[in-house]
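Written out below as structure tokens is the structure these notes cover.
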Number of protein chains: 2
Amino acid sequence: MTNPLRIAIAGLGTVGVGVIRILVSHQQMIAARAGRPVEIVAVSASNRGRQRGVDISGYDWVDNALDFAARDDIDIIVELIGGSDGVAHALARQSLGRGKPFVTANKALIAHHGMELARIAEEQNIGLRFEAAVAGGIPIIKSLGEGLTANRLTRLYGILNGTTNYILTQMEATARDYGEILEETKLLGYLEADPSLDLDGIDAGHKLAILSMVAFGVNINFDAIYMEGIRRIKLVDIDYARELGYRIKLLGLASLSAAGLEQRVHPCLVPDSAPIAHVDDGVNAVVVDGDAVGRTFYEGRGAGEGPTASAVVADIIDIARGHHGPAFFVPAQGMQKVNLISISDRVGPYYIRLHVEEQPGVIADIAAALRDKDVSLHVMLQKGSEQDGSVYVVMVTHDTREQKLMDAMDQINALSSVIDKPLAIRIENL
Amino acid sequence: MTNPLRIAIAGLGTVGVGVIRILVSHQQMIAARAGRPVEIVAVSASNRGRQRGVDISGYDWVDNALDFAARDDIDIIVELIGGSDGVAHALARQSLGRGKPFVTANKALIAHHGMELARIAEEQNIGLRFEAAVAGGIPIIKSLGEGLTANRLTRLYGILNGTTNYILTQMEATARDYGEILEETKLLGYLEADPSLDLDGIDAGHKLAILSMVAFGVNINFDAIYMEGIRRIKLVDIDYARELGYRIKLLGLASLSAAGLEQRVHPCLVPDSAPIAHVDDGVNAVVVDGDAVGRTFYEGRGAGEGPTASAVVADIIDIARGHHGPAFFVPAQGMQKVNLISISDRVGPYYIRLHVEEQPGVIADIAAALRDKDVSLHVMLQKGSEQDGSVYVVMVTHDTREQKLMDAMDQINALSSVIDKPLAIRIENL
């Protein structure tokens, strides 16, 4: 047996504790699989005294994780602190800059600084790995970058945020509205410290950016990704979608064609017949289209101690095995920026939900606004009135260019009989 | 750019042609991903003159593929001949023995001789890769051996043979019986040259053996795997299963516990609510349970030119990237034989279909036979009679040990009023 691989862990939250649990409980199994023992040498976290349910007394405690980078007795640094900047970013730079492989579960870090870090790792010819950053339970980075590497990948989409998928699933399962389920989700501790990351689609956007870089080998500008969350989805939308043969899912979608790169995160109506429509609660799923392989589908738990720690330890073992190619599977200097397709150029059908006063001429005004923008209707549903005399009107359009639809929506929103801001949800007939 | 990786291809059937197509059409992309150009140097097949739809005039033609092993201008040998023995086996031994990495899509070869070949590859410290041998469109070997390597894997199961899944799906979709669909499947060219490989579950058995070796790190005796095919499934079974809330799928199932290793291939009734119940036609799917990751699910096309060639080329690129760990991801010498659990020790519910003469006392006799063996019934269905006065009786048992069920079935089969041999199908409430 060769020398042990000595690791340092920065961040001892749920995932850090999970990594320690796996490395300790599966020590022998991992040594056999990695070809050498994997040993934890040092740990760092913000609070030394906190009860964590694992014994860390055998590891060197370090107050400042940045000290790891300079130590000769550490072979790999594992970063589980989180955040796109601050300590995580500094630690990544210093670790890689000093020739130490770097393993992270930090999607914000890779989405924002992945290219910079990949270049440093390649200069040093060492590993930068982040399987745990996207859908921990699914080895999707490895599948894209290695398993499907013979393919020109053309499109991928998936449920990338377990929290919002949990909220949408619970709304449907319990017939309760968004606000109520959101409160429950907070109490369960499922939300990120900054809830906007989950609820506004930013977390899913981070993951989509990473998947796009790996799948397409292109340089991503994170800020250019269209991101829209689930805050405006009401129970009435879930019910109407169901009636129309759809379910509502927050998807991240990316495709690369001659026209350019499309990247967007938003709620979608997906047909009930699509496998992804039945991925519920905290489960993640990714669908990938390749030119040789056709369509492939991957599903697993997206977050939590076990799945995320599983991915972190897989990356550690990969490095122990000597796998240290480029972070995005092609040299970073070859990753070009490509033309971005604007969301306003999306063409497809839309679900529209209007909340209006029940009075003569309302529908005529709405229909006129749609007609003026060349938006043609496929379905219109209106059922009874609310107690206050208002009504919900739901429409499904034929294929239309998004800009036209949004112009029509603005015109509709200006009508005096329209109560709430109208909501449009993109229909993706996957 | 470093020196090209020079490959030789033995076997130019559908998959061989697919590999050439990918390597030629994606030359630049593959060079970027592999870190070096990949060049085809030589090819070999049984018929030089055959029209294949790809230009092979630029490659050295070799009549005897075994000559590849001795050539200094070949870095990797790709075997796409097939068959567990003969040329394929000899080529594998010689290629590996002379220190040349070996990539194959040959499931029979790996199921029967994987351990022997893995030992040779490890002695030489070179790659032996067979991602294409199991579910070409799904990078399942890599997912098990690398992506999920931090987990103690406890169970896996899947639809591993596309042809039988196609037959079962078509029987249900078109309400036609087995024989008719089988003829159609033959005409479509979907059957292996030896149809028994598909229809009797042997092909699925080969794939299950390989998955077990990779997932559990154990040494498999292929001949000890229980394999039962789909030849006895009738349309009436598919219809009754549907009525009971199930669909019929040919599954390969393997699990490893303190009690030992369970490995079996047979038709199953799976609940309509299970995702695998909706994997139709030529698609493959694999479900894997790991102790950290929980349940993960993988789906993709199982066979055909594109998916299989995609997996072969992924293995070639992996080798070009310098990944050459043990074939089964742990040293072959550490892979032990484990206690095998006999199929007669399976405990679970069963679907039983009887075809009997409609006369007084038949059901009483059958019920008595089941009672004598402690098999208790959960459901019994009998609906009208066939034109000849016979009737189909369908029963669902409570959990029972297989040996008892089979003893009861023998006793029932001996009754004079029983027309066809009764059929029992295992119910797997996945």
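Residue numbering restarts at 1 for every chain of the structure tokens, chains are lettered A, B, ... in their displayed order, and ligands are numbered from 1 as they appear.
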Exercise. Run DSSP on the backbone and grab whatever in range 189-421 of chain B lands in helix (DSSP H, G or I); send it over as a count of residues only.
Key: 81
Quiz item: Can you tell me, as a PyMOL selection string, what residues are no more than 10 Å from Glu79 in chain A when counting only C-alpha atoms, ignoring any on the same chain fewer than 5 positions away?
Solution: chain A and resi 8-12+16+44+65+87-89+91-92+102-106+130+312
Exercise. Determine which residues of chain B sit within 6 Å of chain A, taking into account only C-alpha atoms, and present them as a ChimeraX atom specification.
Key: /B:32-33,137,139,147,149-150,292-293,296-300,306-307,310,313-314,330
Got time to write the residues from that selection, N, CA and C atoms, as a tab-separated table (two decimals), in the first residue's frame?
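Heads up, here's the output in result-v3.tsv:
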```tsv
chain	number	residue	atom	x	y	z
B	32	ALA	N	-9.47	17.39	-28.46
B	32	ALA	CA	-9.50	18.36	-27.36
B	32	ALA	C	-9.85	17.68	-26.04
B	33	ARG	N	-10.82	16.79	-26.11
B	33	ARG	CA	-11.26	16.13	-24.88
B	33	ARG	C	-10.27	15.08	-24.39
B	137	GLY	N	-25.98	3.14	-23.73
B	137	GLY	CA	-26.35	4.54	-23.61
B	137	GLY	C	-26.23	5.10	-22.21
B	139	PRO	N	-23.83	5.49	-18.89
B	139	PRO	CA	-22.47	5.27	-18.36
B	139	PRO	C	-22.53	4.62	-16.97
B	147	GLY	N	-18.39	7.18	-9.89
B	147	GLY	CA	-19.32	8.18	-9.37
B	147	GLY	C	-19.88	7.83	-8.00
B	149	THR	N	-18.47	5.57	-5.90
B	149	THR	CA	-17.44	4.76	-5.23
B	149	THR	C	-17.33	5.01	-3.73
B	150	ALA	N	-17.92	6.11	-3.24
B	150	ALA	CA	-17.88	6.36	-1.79
B	150	ALA	C	-18.93	5.55	-1.04
B	292	ALA	N	-24.83	5.86	1.22
B	292	ALA	CA	-24.80	7.31	1.43
B	292	ALA	C	-25.75	8.03	0.47
B	293	VAL	N	-25.76	7.60	-0.74
B	293	VAL	CA	-26.45	8.34	-1.79
B	293	VAL	C	-27.94	8.05	-1.84
B	296	THR	N	-30.53	5.83	-6.78
B	296	THR	CA	-30.29	6.59	-8.01
B	296	THR	C	-30.80	5.78	-9.20
B	297	PHE	N	-31.14	6.49	-10.26
B	297	PHE	CA	-31.83	5.87	-11.40
B	297	PHE	C	-31.18	6.39	-12.68
B	298	TYR	N	-30.92	5.49	-13.62
B	298	TYR	CA	-30.23	5.82	-14.86
B	298	TYR	C	-31.00	5.22	-16.02
B	299	GLU	N	-31.21	5.99	-17.06
B	299	GLU	CA	-31.98	5.48	-18.19
B	299	GLU	C	-31.39	5.94	-19.51
B	300	GLY	N	-31.36	5.06	-20.49
B	300	GLY	CA	-30.87	5.43	-21.82
B	300	GLY	C	-31.04	4.27	-22.77
B	306	GLY	N	-25.30	3.93	-32.24
B	306	GLY	CA	-24.90	5.15	-31.54
B	306	GLY	C	-24.55	4.95	-30.08
B	307	PRO	N	-25.49	4.44	-29.28
B	307	PRO	CA	-25.22	4.31	-27.85
B	307	PRO	C	-24.01	3.41	-27.54
B	310	SER	N	-20.82	5.11	-28.63
B	310	SER	CA	-20.56	6.20	-27.69
B	310	SER	C	-19.78	5.70	-26.47
B	313	VAL	N	-16.11	4.67	-27.46
B	313	VAL	CA	-15.24	5.83	-27.65
B	313	VAL	C	-14.94	6.51	-26.31
B	314	ALA	N	-15.92	6.52	-25.40
B	314	ALA	CA	-15.67	7.09	-24.06
B	314	ALA	C	-14.54	6.32	-23.37
B	330	VAL	N	-11.33	-2.27	-8.06
B	330	VAL	CA	-10.52	-2.72	-6.93
B	330	VAL	C	-9.58	-3.80	-7.47
```
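Proximity to Gly348 in chain B at 9 Å, evaluated using only C-alpha atoms and with sequence-adjacent residues fewer than 5 positions away removed, yields Thr397, His398, Asp399, Thr400, Arg401, Glu402, Arg426, Ile427, Glu428 and Asn429 of chain B.
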Please produce an output containing C-alpha atoms for each residue in the selection, written as a tab-separated table (two decimals), in the first residue's frame.
```tsv
chain	number	residue	atom	x	y	z
B	397	THR	CA	-49.94	-14.96	-3.14
B	398	HIS	CA	-48.81	-13.37	0.08
B	399	ASP	CA	-45.07	-13.51	0.78
B	400	THR	CA	-43.88	-17.07	0.49
B	401	ARG	CA	-40.58	-18.91	0.21
B	402	GLU	CA	-39.98	-19.88	-3.41
B	426	ARG	CA	-42.24	-13.13	-9.09
B	427	ILE	CA	-43.73	-9.86	-7.88
B	428	GLU	CA	-41.13	-7.25	-6.98
B	429	ASN	CA	-42.64	-4.32	-5.10
```
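When CA of Arg155 in chain A is paired with CA of Ala121 in chain A, their separation reads 27.5 Å.
With CA of Met395 in chain B on one side and CA of Glu172 in chain B on the other, the separation reads 20.1 Å.
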